[in-house]
>>> print(open('model_38.cif').read())   # mmCIF, C-alpha atoms
data_protein
#
loop_
_atom_site.group_PDB
_atom_site.id
_atom_site.type_symbol
_atom_site.label_atom_id
_atom_site.label_comp_id
_atom_site.auth_asym_id
_atom_site.auth_seq_id
_atom_site.Cartn_x
_atom_site.Cartn_y
_atom_site.Cartn_z
ATOM 1 C CA MET A 274 33.527 6.962 -25.870
ATOM 2 C CA SER A 275 35.225 8.264 -29.005
ATOM 3 C CA LEU A 276 33.678 11.005 -31.056
ATOM 4 C CA THR A 277 33.386 8.656 -33.997
ATOM 5 C CA ARG A 278 31.562 6.038 -31.974
ATOM 6 C CA ARG A 279 29.292 8.612 -30.381
ATOM 7 C CA THR A 280 28.448 10.092 -33.771
ATOM 8 C CA ALA A 281 27.777 6.678 -35.201
ATOM 9 C CA LEU A 282 25.431 5.784 -32.333
ATOM 10 C CA ALA A 283 23.628 9.092 -32.622
ATOM 11 C CA SER A 284 23.212 8.628 -36.356
ATOM 12 C CA LEU A 285 21.926 5.128 -35.853
ATOM 13 C CA ALA A 286 19.398 6.296 -33.291
ATOM 14 C CA LEU A 287 18.163 9.077 -35.537
ATOM 15 C CA ALA A 288 18.022 6.831 -38.578
ATOM 16 C CA SER A 289 16.050 4.098 -36.861
ATOM 17 C CA THR A 290 13.548 6.047 -34.820
ATOM 18 C CA GLY A 291 13.897 9.710 -35.557
ATOM 19 C CA LEU A 292 13.308 12.488 -33.046
ATOM 20 C CA GLY A 293 11.635 11.587 -29.781
ATOM 21 C CA ALA A 294 13.084 8.123 -30.148
ATOM 22 C CA ARG A 295 12.421 7.072 -26.590
ATOM 23 C CA ALA A 296 8.727 7.895 -26.573
ATOM 24 C CA GLN A 297 8.114 6.291 -29.925
ATOM 25 C CA SER A 298 10.065 3.092 -29.354
ATOM 26 C CA TRP A 299 8.850 2.383 -25.833
ATOM 27 C CA PRO A 300 7.797 -0.258 -25.058
ATOM 28 C CA ALA A 301 9.996 -2.431 -27.254
ATOM 29 C CA LYS A 302 10.094 -5.411 -24.878
ATOM 30 C CA PRO A 303 8.080 -6.945 -22.005
ATOM 31 C CA LEU A 304 7.514 -4.866 -18.865
ATOM 32 C CA THR A 305 7.740 -6.169 -15.321
ATOM 33 C CA ILE A 306 5.645 -4.992 -12.385
ATOM 34 C CA VAL A 307 7.285 -6.005 -9.110
ATOM 35 C CA VAL A 308 4.803 -6.933 -6.377
ATOM 36 C CA PRO A 309 6.138 -6.478 -2.829
ATOM 37 C CA TYR A 310 4.049 -9.373 -1.473
ATOM 38 C CA THR A 311 3.334 -13.025 -2.233
ATOM 39 C CA ALA A 312 1.120 -14.363 -4.996
ATOM 40 C CA GLY A 313 -2.489 -14.398 -3.828
ATOM 41 C CA SER A 314 -2.233 -11.267 -1.696
ATOM 42 C CA ALA A 315 -4.627 -8.413 -2.457
ATOM 43 C CA THR A 316 -1.679 -6.419 -3.815
ATOM 44 C CA ASP A 317 -0.784 -9.304 -6.116
ATOM 45 C CA THR A 318 -4.349 -9.751 -7.386
ATOM 46 C CA LEU A 319 -4.663 -6.013 -8.002
ATOM 47 C CA THR A 320 -1.405 -6.005 -9.938
ATOM 48 C CA ARG A 321 -2.514 -8.908 -12.121
ATOM 49 C CA ILE A 322 -5.821 -7.159 -12.879
ATOM 50 C CA ILE A 323 -3.849 -4.078 -13.968
ATOM 51 C CA ALA A 324 -1.155 -6.050 -15.824
ATOM 52 C CA GLU A 325 -3.520 -8.107 -17.980
ATOM 53 C CA ARG A 326 -5.238 -4.915 -19.134
ATOM 54 C CA LEU A 327 -2.032 -2.935 -19.558
ATOM 55 C CA SER A 328 -0.509 -5.543 -21.851
ATOM 56 C CA PRO A 329 -2.875 -5.111 -24.865
ATOM 57 C CA ARG A 330 -2.772 -1.343 -24.405
ATOM 58 C CA LEU A 331 1.031 -1.329 -24.680
ATOM 59 C CA GLY A 332 1.351 -4.205 -27.140
ATOM 60 C CA GLN A 333 3.833 -5.989 -24.893
ATOM 61 C CA PRO A 334 3.628 -8.699 -22.227
ATOM 62 C CA VAL A 335 3.417 -7.295 -18.688
ATOM 63 C CA ILE A 336 5.015 -9.705 -16.230
ATOM 64 C CA VAL A 337 4.054 -9.777 -12.551
ATOM 65 C CA ASP A 338 7.081 -10.574 -10.391
ATOM 66 C CA ASN A 339 6.516 -11.321 -6.690
ATOM 67 C CA LYS A 340 9.427 -10.199 -4.526
ATOM 68 C CA ALA A 341 8.017 -10.602 -1.031
ATOM 69 C CA GLY A 342 9.996 -9.981 2.134
ATOM 70 C CA ALA A 343 10.650 -7.440 4.885
ATOM 71 C CA ASN A 344 7.060 -6.198 4.633
ATOM 72 C CA GLY A 345 7.619 -5.179 1.024
ATOM 73 C CA SER A 346 10.920 -3.405 1.555
ATOM 74 C CA ILE A 347 12.928 -5.923 -0.468
ATOM 75 C CA ALA A 348 10.864 -5.159 -3.581
ATOM 76 C CA GLY A 349 11.253 -1.433 -2.942
ATOM 77 C CA GLY A 350 15.027 -1.766 -2.869
ATOM 78 C CA ILE A 351 15.053 -3.796 -6.078
ATOM 79 C CA VAL A 352 12.941 -1.310 -8.019
ATOM 80 C CA ALA A 353 14.738 1.737 -6.597
ATOM 81 C CA ARG A 354 17.947 0.390 -8.136
ATOM 82 C CA ALA A 355 16.392 -0.905 -11.381
ATOM 83 C CA PRO A 356 17.170 0.848 -14.676
ATOM 84 C CA ALA A 357 14.902 3.889 -15.125
ATOM 85 C CA ASP A 358 13.946 2.814 -18.641
ATOM 86 C CA GLY A 359 10.217 2.224 -18.254
ATOM 87 C CA TYR A 360 10.495 -1.565 -18.174
ATOM 88 C CA THR A 361 10.511 -2.091 -14.416
ATOM 89 C CA LEU A 362 7.580 -0.872 -12.356
ATOM 90 C CA MET A 363 6.375 -1.565 -8.824
ATOM 91 C CA MET A 364 2.993 -1.741 -7.132
ATOM 92 C CA ALA A 365 3.800 0.587 -4.247
ATOM 93 C CA THR A 366 1.621 0.434 -1.140
ATOM 94 C CA ALA A 367 0.955 2.463 1.995
ATOM 95 C CA ALA A 368 3.225 0.000 3.799
ATOM 96 C CA THR A 369 6.160 0.150 1.399
ATOM 97 C CA HIS A 370 6.061 3.894 0.761
ATOM 98 C CA ALA A 371 4.640 5.442 3.956
ATOM 99 C CA GLY A 372 4.723 2.896 6.790
ATOM 100 C CA ASN A 373 8.006 1.050 6.396
ATOM 101 C CA PRO A 374 10.200 4.162 6.182
ATOM 102 C CA ASN A 375 8.872 5.117 9.623
ATOM 103 C CA LEU A 376 8.557 1.683 11.186
ATOM 104 C CA MET A 377 11.795 0.074 10.058
ATOM 105 C CA LYS A 378 15.372 1.144 10.691
ATOM 106 C CA ALA A 379 16.942 -0.072 7.483
ATOM 107 C CA VAL A 380 14.715 0.526 4.481
ATOM 108 C CA PRO A 381 16.819 0.173 1.308
ATOM 109 C CA TYR A 382 15.143 3.069 -0.544
ATOM 110 C CA ASP A 383 13.796 6.580 -0.185
ATOM 111 C CA SER A 384 10.103 6.252 -0.977
ATOM 112 C CA LEU A 385 9.942 9.794 -2.391
ATOM 113 C CA ALA A 386 13.366 10.428 -3.951
ATOM 114 C CA ASP A 387 13.881 7.011 -5.548
ATOM 115 C CA PHE A 388 10.524 6.684 -7.307
ATOM 116 C CA ALA A 389 8.332 8.403 -9.861
ATOM 117 C CA PRO A 390 4.612 7.779 -9.252
ATOM 118 C CA THR A 391 2.588 6.974 -12.370
ATOM 119 C CA GLY A 392 -1.033 6.025 -11.668
ATOM 120 C CA PHE A 393 -3.119 5.725 -8.480
ATOM 121 C CA CYS A 394 -5.176 2.534 -8.260
ATOM 122 C CA GLY A 395 -7.322 2.695 -5.131
ATOM 123 C CA SER A 396 -7.450 2.099 -1.398
ATOM 124 C CA ILE A 397 -8.725 -0.160 1.383
ATOM 125 C CA PRO A 398 -9.582 1.054 4.888
ATOM 126 C CA PHE A 399 -7.930 -0.491 7.931
ATOM 127 C CA THR A 400 -9.953 -2.194 10.647
ATOM 128 C CA LEU A 401 -9.400 -3.323 14.209
ATOM 129 C CA ALA A 402 -10.048 -7.046 14.440
ATOM 130 C CA VAL A 403 -10.190 -9.716 17.134
ATOM 131 C CA ARG A 404 -10.705 -13.472 17.139
ATOM 132 C CA THR A 405 -14.387 -14.303 16.820
ATOM 133 C CA ASP A 406 -14.156 -16.652 19.815
ATOM 134 C CA SER A 407 -12.373 -14.066 21.965
ATOM 135 C CA GLY A 408 -15.576 -12.900 23.608
ATOM 136 C CA ILE A 409 -14.766 -9.362 22.524
ATOM 137 C CA SER A 410 -17.472 -7.892 20.318
ATOM 138 C CA THR A 411 -16.889 -4.154 20.610
ATOM 139 C CA VAL A 412 -13.965 -1.844 21.208
ATOM 140 C CA ALA A 413 -15.535 -1.120 24.596
ATOM 141 C CA ASP A 414 -15.319 -4.842 25.439
ATOM 142 C CA PHE A 415 -11.653 -4.838 24.602
ATOM 143 C CA VAL A 416 -11.023 -1.779 26.689
ATOM 144 C CA ALA A 417 -12.995 -3.212 29.602
ATOM 145 C CA ARG A 418 -10.840 -6.285 29.478
ATOM 146 C CA ALA A 419 -7.600 -4.358 29.378
ATOM 147 C CA LYS A 420 -5.854 -3.968 32.684
ATOM 148 C CA GLY A 421 -5.619 -0.409 33.879
ATOM 149 C CA GLY A 422 -8.330 0.593 31.443
ATOM 150 C CA GLN A 423 -5.885 2.765 29.559
ATOM 151 C CA ALA A 424 -5.699 0.901 26.297
ATOM 152 C CA PHE A 425 -8.524 2.969 24.926
ATOM 153 C CA ALA A 426 -6.611 6.090 24.038
ATOM 154 C CA ASP A 427 -3.730 3.999 22.883
ATOM 155 C CA LEU A 428 -5.916 2.292 20.325
ATOM 156 C CA ARG A 429 -5.737 5.545 18.468
ATOM 157 C CA GLY A 430 -1.993 5.637 18.819
ATOM 158 C CA ARG A 431 0.151 2.553 18.997
ATOM 159 C CA HIS A 432 -2.378 0.214 17.473
ATOM 160 C CA ALA A 433 -3.421 2.514 14.719
ATOM 161 C CA VAL A 434 -0.141 2.591 12.913
ATOM 162 C CA GLY A 435 -0.820 -0.441 10.876
ATOM 163 C CA ALA A 436 1.743 -2.636 9.171
ATOM 164 C CA GLY A 437 2.107 -6.308 9.814
ATOM 165 C CA HIS A 438 3.366 -7.199 13.234
ATOM 166 C CA LEU A 439 3.530 -3.790 14.849
ATOM 167 C CA HIS A 440 -0.112 -3.142 15.609
ATOM 168 C CA ASP A 441 -0.739 -5.789 18.161
ATOM 169 C CA ALA A 442 -2.547 -5.195 21.376
ATOM 170 C CA ARG A 443 -2.222 -7.158 24.586
ATOM 171 C CA PRO A 444 -4.971 -6.484 27.113
ATOM 172 C CA THR A 445 -2.564 -7.312 29.912
ATOM 173 C CA HIS A 446 -0.188 -4.588 28.879
ATOM 174 C CA ARG A 447 -0.435 -1.194 30.537
ATOM 175 C CA TYR A 448 -0.123 1.607 28.082
ATOM 176 C CA ARG A 449 0.420 5.237 28.693
ATOM 177 C CA THR A 450 -2.433 7.383 27.471
ATOM 178 C CA ARG A 451 -1.421 9.375 24.464
ATOM 179 C CA ALA A 452 -3.431 11.748 22.400
ATOM 180 C CA CYS A 453 -3.160 11.093 18.723
ATOM 181 C CA ALA A 454 -5.484 13.380 16.838
ATOM 182 C CA LEU A 455 -5.602 13.112 13.081
ATOM 183 C CA MET B 254 -2.675 -11.588 11.856
ATOM 184 C CA ALA B 255 -1.187 -15.037 12.455
ATOM 185 C CA ASP B 256 -0.538 -14.100 16.083
ATOM 186 C CA VAL B 257 -4.092 -13.003 16.710
ATOM 187 C CA LEU B 258 -5.453 -16.158 15.038
ATOM 188 C CA SER B 259 -3.238 -18.321 17.243
ATOM 189 C CA GLY B 260 -4.216 -16.433 20.376
ATOM 190 C CA GLN B 261 -0.775 -14.933 20.995
ATOM 191 C CA ILE B 262 -2.335 -11.502 20.915
ATOM 192 C CA ASP B 263 -5.891 -10.253 21.211
ATOM 193 C CA MET B 264 -6.296 -7.560 18.610
ATOM 194 C CA THR B 265 -4.745 -6.572 15.332
ATOM 195 C CA PHE B 266 -4.975 -3.660 12.957
ATOM 196 C CA ILE B 267 -5.331 -4.907 9.386
ATOM 197 C CA ASP B 268 -6.735 -3.673 6.135
ATOM 198 C CA VAL B 269 -10.176 -4.956 5.196
ATOM 199 C CA GLY B 270 -8.754 -6.804 2.191
ATOM 200 C CA THR B 271 -6.324 -8.827 4.275
ATOM 201 C CA GLY B 272 -8.963 -9.472 6.905
ATOM 202 C CA MET B 273 -11.873 -10.381 4.614
ATOM 203 C CA PRO B 274 -11.004 -14.085 4.158
ATOM 204 C CA GLN B 275 -10.824 -14.449 7.958
ATOM 205 C CA PHE B 276 -14.023 -12.418 8.466
ATOM 206 C CA LYS B 277 -15.829 -14.632 5.926
ATOM 207 C CA ALA B 278 -14.456 -17.786 7.558
ATOM 208 C CA GLY B 279 -15.742 -16.530 10.900
ATOM 209 C CA LYS B 280 -12.315 -16.644 12.508
ATOM 210 C CA LEU B 281 -11.799 -12.917 12.959
ATOM 211 C CA LYS B 282 -14.285 -10.180 13.706
ATOM 212 C CA ALA B 283 -13.840 -6.530 12.719
ATOM 213 C CA LEU B 284 -14.738 -4.141 15.548
ATOM 214 C CA VAL B 285 -14.295 -0.766 13.923
ATOM 215 C CA VAL B 286 -13.286 0.708 10.557
ATOM 216 C CA ALA B 287 -10.599 3.409 10.333
ATOM 217 C CA SER B 288 -12.329 5.423 7.659
ATOM 218 C CA ASP B 289 -14.649 8.372 7.223
ATOM 219 C CA LYS B 290 -17.378 6.045 6.011
ATOM 220 C CA ARG B 291 -18.304 2.397 6.513
ATOM 221 C CA SER B 292 -16.834 -0.215 4.215
ATOM 222 C CA PRO B 293 -19.406 -1.737 1.839
ATOM 223 C CA LEU B 294 -17.697 -5.088 2.481
ATOM 224 C CA ILE B 295 -18.402 -5.051 6.215
ATOM 225 C CA PRO B 296 -21.371 -2.666 6.339
ATOM 226 C CA ASP B 297 -22.325 -3.589 9.915
ATOM 227 C CA VAL B 298 -18.991 -2.442 11.345
ATOM 228 C CA PRO B 299 -19.012 1.149 12.648
ATOM 229 C CA THR B 300 -16.405 3.796 11.853
ATOM 230 C CA PHE B 301 -14.120 5.146 14.573
ATOM 231 C CA ALA B 302 -16.316 8.236 14.847
ATOM 232 C CA GLU B 303 -19.504 6.162 15.111
ATOM 233 C CA ALA B 304 -17.907 4.025 17.811
ATOM 234 C CA GLY B 305 -17.177 7.166 19.811
ATOM 235 C CA LEU B 306 -13.439 6.954 19.272
ATOM 236 C CA GLY B 307 -13.016 10.212 17.386
ATOM 237 C CA ALA B 308 -12.437 10.660 13.686
ATOM 238 C CA PHE B 309 -9.619 8.511 12.420
ATOM 239 C CA ALA B 310 -8.848 7.419 8.891
ATOM 240 C CA LEU B 311 -6.014 5.252 7.689
ATOM 241 C CA ASP B 312 -6.075 3.437 4.395
ATOM 242 C CA ALA B 313 -3.981 0.893 2.595
ATOM 243 C CA TRP B 314 -3.417 2.321 -0.894
ATOM 244 C CA PHE B 315 -1.794 1.297 -4.137
ATOM 245 C CA VAL B 316 0.178 3.297 -6.683
ATOM 246 C CA VAL B 317 2.121 2.042 -9.695
ATOM 247 C CA VAL B 318 5.580 3.604 -9.426
ATOM 248 C CA ALA B 319 8.706 3.540 -11.577
ATOM 249 C CA PRO B 320 12.328 4.180 -10.646
ATOM 250 C CA ALA B 321 13.143 7.888 -10.365
ATOM 251 C CA ARG B 322 14.457 9.429 -13.591
ATOM 252 C CA THR B 323 12.239 7.226 -15.767
ATOM 253 C CA PRO B 324 11.441 9.412 -18.805
ATOM 254 C CA PRO B 325 8.411 11.656 -18.070
ATOM 255 C CA ASP B 326 6.660 10.692 -21.306
ATOM 256 C CA VAL B 327 6.801 7.030 -20.247
ATOM 257 C CA ILE B 328 5.567 7.920 -16.731
ATOM 258 C CA ASN B 329 2.663 9.864 -18.223
ATOM 259 C CA LYS B 330 1.701 7.043 -20.582
ATOM 260 C CA ILE B 331 1.691 4.412 -17.838
ATOM 261 C CA GLY B 332 -0.210 6.719 -15.514
ATOM 262 C CA ARG B 333 -2.871 7.438 -18.080
ATOM 263 C CA HIS B 334 -3.355 3.730 -18.828
ATOM 264 C CA VAL B 335 -3.535 2.792 -15.136
ATOM 265 C CA SER B 336 -6.102 5.536 -14.445
ATOM 266 C CA GLU B 337 -8.208 4.414 -17.402
ATOM 267 C CA ILE B 338 -7.988 0.749 -16.396
ATOM 268 C CA VAL B 339 -9.195 1.250 -12.811
ATOM 269 C CA ALA B 340 -12.068 3.356 -14.183
ATOM 270 C CA GLU B 341 -13.271 0.534 -16.462
ATOM 271 C CA PRO B 342 -16.494 -0.849 -14.912
ATOM 272 C CA GLU B 343 -15.376 -4.463 -15.288
ATOM 273 C CA ALA B 344 -11.930 -3.839 -13.783
ATOM 274 C CA ALA B 345 -13.440 -1.692 -11.025
ATOM 275 C CA ALA B 346 -15.823 -4.525 -10.136
ATOM 276 C CA ARG B 347 -12.908 -6.932 -9.871
ATOM 277 C CA LEU B 348 -11.059 -4.512 -7.613
ATOM 278 C CA ARG B 349 -14.084 -4.124 -5.356
ATOM 279 C CA ALA B 350 -14.294 -7.922 -5.165
ATOM 280 C CA ILE B 351 -10.890 -7.876 -3.450
ATOM 281 C CA SER B 352 -11.925 -4.972 -1.199
ATOM 282 C CA ILE B 353 -10.115 -2.257 -3.141
ATOM 283 C CA GLU B 354 -12.113 0.877 -3.864
ATOM 284 C CA PRO B 355 -10.857 2.280 -7.185
ATOM 285 C CA GLU B 356 -10.073 5.966 -6.891
ATOM 286 C CA PRO B 357 -9.043 8.513 -9.455
ATOM 287 C CA MET B 358 -6.195 10.844 -8.558
ATOM 288 C CA ALA B 359 -4.656 13.534 -10.724
ATOM 289 C CA PRO B 360 -1.099 12.495 -11.662
ATOM 290 C CA ASP B 361 0.402 15.688 -10.256
ATOM 291 C CA GLN B 362 -1.242 15.032 -6.877
ATOM 292 C CA ILE B 363 0.134 11.556 -6.265
ATOM 293 C CA ARG B 364 3.581 12.576 -5.056
ATOM 294 C CA ALA B 365 2.064 15.081 -2.605
ATOM 295 C CA PHE B 366 -0.341 12.361 -1.414
ATOM 296 C CA ILE B 367 2.494 9.896 -0.737
ATOM 297 C CA LYS B 368 4.459 12.626 1.058
ATOM 298 C CA ALA B 369 1.441 13.471 3.246
ATOM 299 C CA GLU B 370 0.869 9.793 4.041
ATOM 300 C CA LYS B 371 4.527 9.318 4.954
ATOM 301 C CA GLU B 372 4.261 12.296 7.303
ATOM 302 C CA LYS B 373 1.048 10.925 8.820
ATOM 303 C CA TRP B 374 2.772 7.633 9.592
ATOM 304 C CA ALA B 375 5.767 9.468 11.023
ATOM 305 C CA MET B 376 3.426 11.322 13.362
ATOM 306 C CA LEU B 377 1.637 8.116 14.364
ATOM 307 C CA VAL B 378 4.876 6.280 15.057
ATOM 308 C CA LYS B 379 6.179 9.183 17.116
ATOM 309 C CA ALA B 380 2.908 9.641 19.013
ATOM 310 C CA ALA B 381 2.818 5.946 19.787
ATOM 311 C CA GLY B 382 6.417 5.893 20.938
ATOM 312 C CA ILE B 383 7.350 3.061 18.603
ATOM 313 C CA ASP B 384 11.031 2.407 18.072
ATOM 314 C CA PRO B 385 11.709 1.444 14.454
ATOM 315 C CA GLU B 386 12.790 -2.183 14.202
#
>>> encode(input="model_38.cif", output="structure tokens")
Amino acid sequence: MSLTRRTALASLALASTGLGARAQSWPAKPLTIVVPYTAGSATDTLTRIIAERLSPRLGQPVIVDNKAGANGSIAGGIVARAPADGYTLMMATAATHAGNPNLMKAVPYDSLADFAPTGFCGSIPFTLAVRTDSGISTVADFVARAKGGQAFADLRGRHAVGAGHLHDARPTHRYRTRACAL
Amino acid sequence: MADVLSGQIDMTFIDVGTGMPQFKAGKLKALVVASDKRSPLIPDVPTFAEAGLGAFALDAWFVVVAPARTPPDVINKIGRHVSEIVAEPEAAARLRAISIEPEPMAPDQIRAFIKAEKEKWAMLVKAAGIDPE
């Protein structure tokens, strides 16, 4: 960039917005919040609740953009590489920013280095669930049904790591007993 | 969850929000909650500690993030708005209706929280002997 052009741009910026231009002019166009899951998911509904209240506060439309796939990792990769101009945001989750980096080999982002957290929204506890018609009504029932009777300790290990398809338990499977104190 | 519904597997570990539609429809049953206290949505379901399984807490959580290097003043503005929104009684009620408990968190604590959660999951995955897929 030539000195003349740089000077001209700088002058233009100062003339139009003055000092602290970025803070004063943002947001000058619609924002997008990328949702790592499909429309209708809890994450999506949460994002829409936030977006429709954020819009009047910022005086700009706030668009919710669903980019589902790879347990949310696709959205993470998109936002990690998006311009850092305050117009692209993401509803990050425990799965996208804590689980996936440990559970998946190829996550296209660093959940700490590639993102700046803004506001915390809330949380939902995990639960162990079975089919209602399975005949299992307590954890003890499940354990009693498991061959070898060693699934119990493993419930606190393998099956307590929660994201999508990885926390499945098969009573017929023999697990090694592992301590997993938290 | 699809696999447990179809009978391919017998148990799954899901967040209460994802499971609620199936719990309400009577297709899935929650056995135990991985939290320090019971969920108001499934108040009859005991915690890990109450079920004699030892204390264990693992939550699904939600944070609005921006790409790194987004100007700090913009980050602070968005963060302040998001914190105020989830504290609004009407918005909080809507969040609770989809199983999300609104929680305040100081902006300077969020990064440390995410880091701690990432480390917790790393420990769980290692303890469980899971090979990343």
>>> atom_distance(input="model_38.cif", atom1="CA of Glu341 (chain B)", atom2="CA of Val327 (chain B)")
21.4 Å
>>> resolve_selection(input="model_38.cif", expression="the PyMOL selection byres ((chain B and resi 291-293) around 10)", output="NGL selection string")
(:A and (397-400)) or (:B and (269 or 285-290 or 294-301 or 303 or 349 or 352 or 354))
>>> atom_distance(input="model_38.cif", atom1="CA of Gly345 (chain A)", atom2="CA of Leu348 (chain B)")
20.6 Å
>>> closest_residue(input="model_38.cif", among="A:Ser396, A:Asn339, A:Asn375, A:Ser410", to="Lys373 (chain B)", atoms="all atoms listed in the file")
A:Asn375
>>> closest_residue(input="model_38.cif", among="B:Glu386, B:Gln261, B:Asp256, B:Ala340", to="chain A", atoms="only C-alpha atoms")
B:Glu386
>>> resolve_selection(input="model_38.cif", expression="the PyMOL selection byres ((chain A and resi 325) around 12)", output="number ranges by chain")
A: 304-306, 318-324, 326-337; B: 334-335, 338, 344
>>> build_atoms(input="model_38.cif", residues="region 275-282 of chain B", atoms="all heavy atoms", output="PDB file, in the coordinates of the input")
ATOM      1  N   GLN B 275     -10.635 -14.005   6.570  1.00  0.00           N
ATOM      2  CA  GLN B 275     -10.824 -14.449   7.958  1.00  0.00           C
ATOM      3  C   GLN B 275     -12.204 -14.029   8.481  1.00  0.00           C
ATOM      4  O   GLN B 275     -12.818 -14.751   9.266  1.00  0.00           O
ATOM      5  CB  GLN B 275      -9.726 -13.863   8.858  1.00  0.00           C
ATOM      6  CG  GLN B 275      -8.318 -14.196   8.406  1.00  0.00           C
ATOM      7  CD  GLN B 275      -8.049 -15.691   8.355  1.00  0.00           C
ATOM      8  OE1 GLN B 275      -8.697 -16.471   9.051  1.00  0.00           O
ATOM      9  NE2 GLN B 275      -7.103 -16.079   7.518  1.00  0.00           N
ATOM     10  N   PHE B 276     -12.681 -12.857   8.046  1.00  0.00           N
ATOM     11  CA  PHE B 276     -14.023 -12.418   8.466  1.00  0.00           C
ATOM     12  C   PHE B 276     -15.058 -13.384   7.876  1.00  0.00           C
ATOM     13  O   PHE B 276     -15.995 -13.810   8.561  1.00  0.00           O
ATOM     14  CB  PHE B 276     -14.325 -10.993   7.959  1.00  0.00           C
ATOM     15  CG  PHE B 276     -13.372  -9.937   8.459  1.00  0.00           C
ATOM     16  CD1 PHE B 276     -13.176  -8.768   7.739  1.00  0.00           C
ATOM     17  CD2 PHE B 276     -12.683 -10.098   9.657  1.00  0.00           C
ATOM     18  CE1 PHE B 276     -12.302  -7.778   8.190  1.00  0.00           C
ATOM     19  CE2 PHE B 276     -11.800  -9.116  10.112  1.00  0.00           C
ATOM     20  CZ  PHE B 276     -11.608  -7.954   9.373  1.00  0.00           C
ATOM     21  N   LYS B 277     -14.881 -13.731   6.598  1.00  0.00           N
ATOM     22  CA  LYS B 277     -15.829 -14.632   5.926  1.00  0.00           C
ATOM     23  C   LYS B 277     -15.804 -16.020   6.547  1.00  0.00           C
ATOM     24  O   LYS B 277     -16.830 -16.688   6.650  1.00  0.00           O
ATOM     25  CB  LYS B 277     -15.498 -14.730   4.428  1.00  0.00           C
ATOM     26  CG  LYS B 277     -15.947 -13.524   3.621  1.00  0.00           C
ATOM     27  CD  LYS B 277     -15.586 -13.699   2.146  1.00  0.00           C
ATOM     28  CE  LYS B 277     -16.023 -12.495   1.318  1.00  0.00           C
ATOM     29  NZ  LYS B 277     -15.418 -12.525  -0.044  1.00  0.00           N
ATOM     30  N   ALA B 278     -14.602 -16.457   6.956  1.00  0.00           N
ATOM     31  CA  ALA B 278     -14.456 -17.786   7.558  1.00  0.00           C
ATOM     32  C   ALA B 278     -14.935 -17.804   9.008  1.00  0.00           C
ATOM     33  O   ALA B 278     -15.007 -18.859   9.629  1.00  0.00           O
ATOM     34  CB  ALA B 278     -12.997 -18.228   7.475  1.00  0.00           C
ATOM     35  N   GLY B 279     -15.250 -16.609   9.526  1.00  0.00           N
ATOM     36  CA  GLY B 279     -15.742 -16.530  10.900  1.00  0.00           C
ATOM     37  C   GLY B 279     -14.660 -16.647  11.955  1.00  0.00           C
ATOM     38  O   GLY B 279     -14.941 -16.854  13.137  1.00  0.00           O
ATOM     39  N   LYS B 280     -13.413 -16.511  11.542  1.00  0.00           N
ATOM     40  CA  LYS B 280     -12.315 -16.644  12.508  1.00  0.00           C
ATOM     41  C   LYS B 280     -11.969 -15.317  13.171  1.00  0.00           C
ATOM     42  O   LYS B 280     -11.608 -15.274  14.340  1.00  0.00           O
ATOM     43  CB  LYS B 280     -11.076 -17.218  11.808  1.00  0.00           C
ATOM     44  CG  LYS B 280     -11.266 -18.670  11.406  1.00  0.00           C
ATOM     45  CD  LYS B 280     -10.028 -19.245  10.743  1.00  0.00           C
ATOM     46  CE  LYS B 280     -10.240 -20.716  10.405  1.00  0.00           C
ATOM     47  NZ  LYS B 280      -9.149 -21.257   9.591  1.00  0.00           N
ATOM     48  N   LEU B 281     -12.046 -14.243  12.405  1.00  0.00           N
ATOM     49  CA  LEU B 281     -11.799 -12.917  12.959  1.00  0.00           C
ATOM     50  C   LEU B 281     -13.060 -12.067  12.828  1.00  0.00           C
ATOM     51  O   LEU B 281     -13.884 -12.293  11.945  1.00  0.00           O
ATOM     52  CB  LEU B 281     -10.651 -12.208  12.230  1.00  0.00           C
ATOM     53  CG  LEU B 281      -9.224 -12.727  12.405  1.00  0.00           C
ATOM     54  CD1 LEU B 281      -8.241 -11.781  11.724  1.00  0.00           C
ATOM     55  CD2 LEU B 281      -8.866 -12.915  13.871  1.00  0.00           C
ATOM     56  N   LYS B 282     -13.152 -11.101  13.731  1.00  0.00           N
ATOM     57  CA  LYS B 282     -14.285 -10.180  13.706  1.00  0.00           C
ATOM     58  C   LYS B 282     -13.753  -8.757  13.701  1.00  0.00           C
ATOM     59  O   LYS B 282     -12.891  -8.421  14.520  1.00  0.00           O
ATOM     60  CB  LYS B 282     -15.145 -10.413  14.952  1.00  0.00           C
ATOM     61  CG  LYS B 282     -16.311  -9.458  15.103  1.00  0.00           C
ATOM     62  CD  LYS B 282     -17.038  -9.745  16.411  1.00  0.00           C
ATOM     63  CE  LYS B 282     -18.031  -8.645  16.759  1.00  0.00           C
ATOM     64  NZ  LYS B 282     -19.083  -8.447  15.761  1.00  0.00           N
TER      65      LYS B 282
END
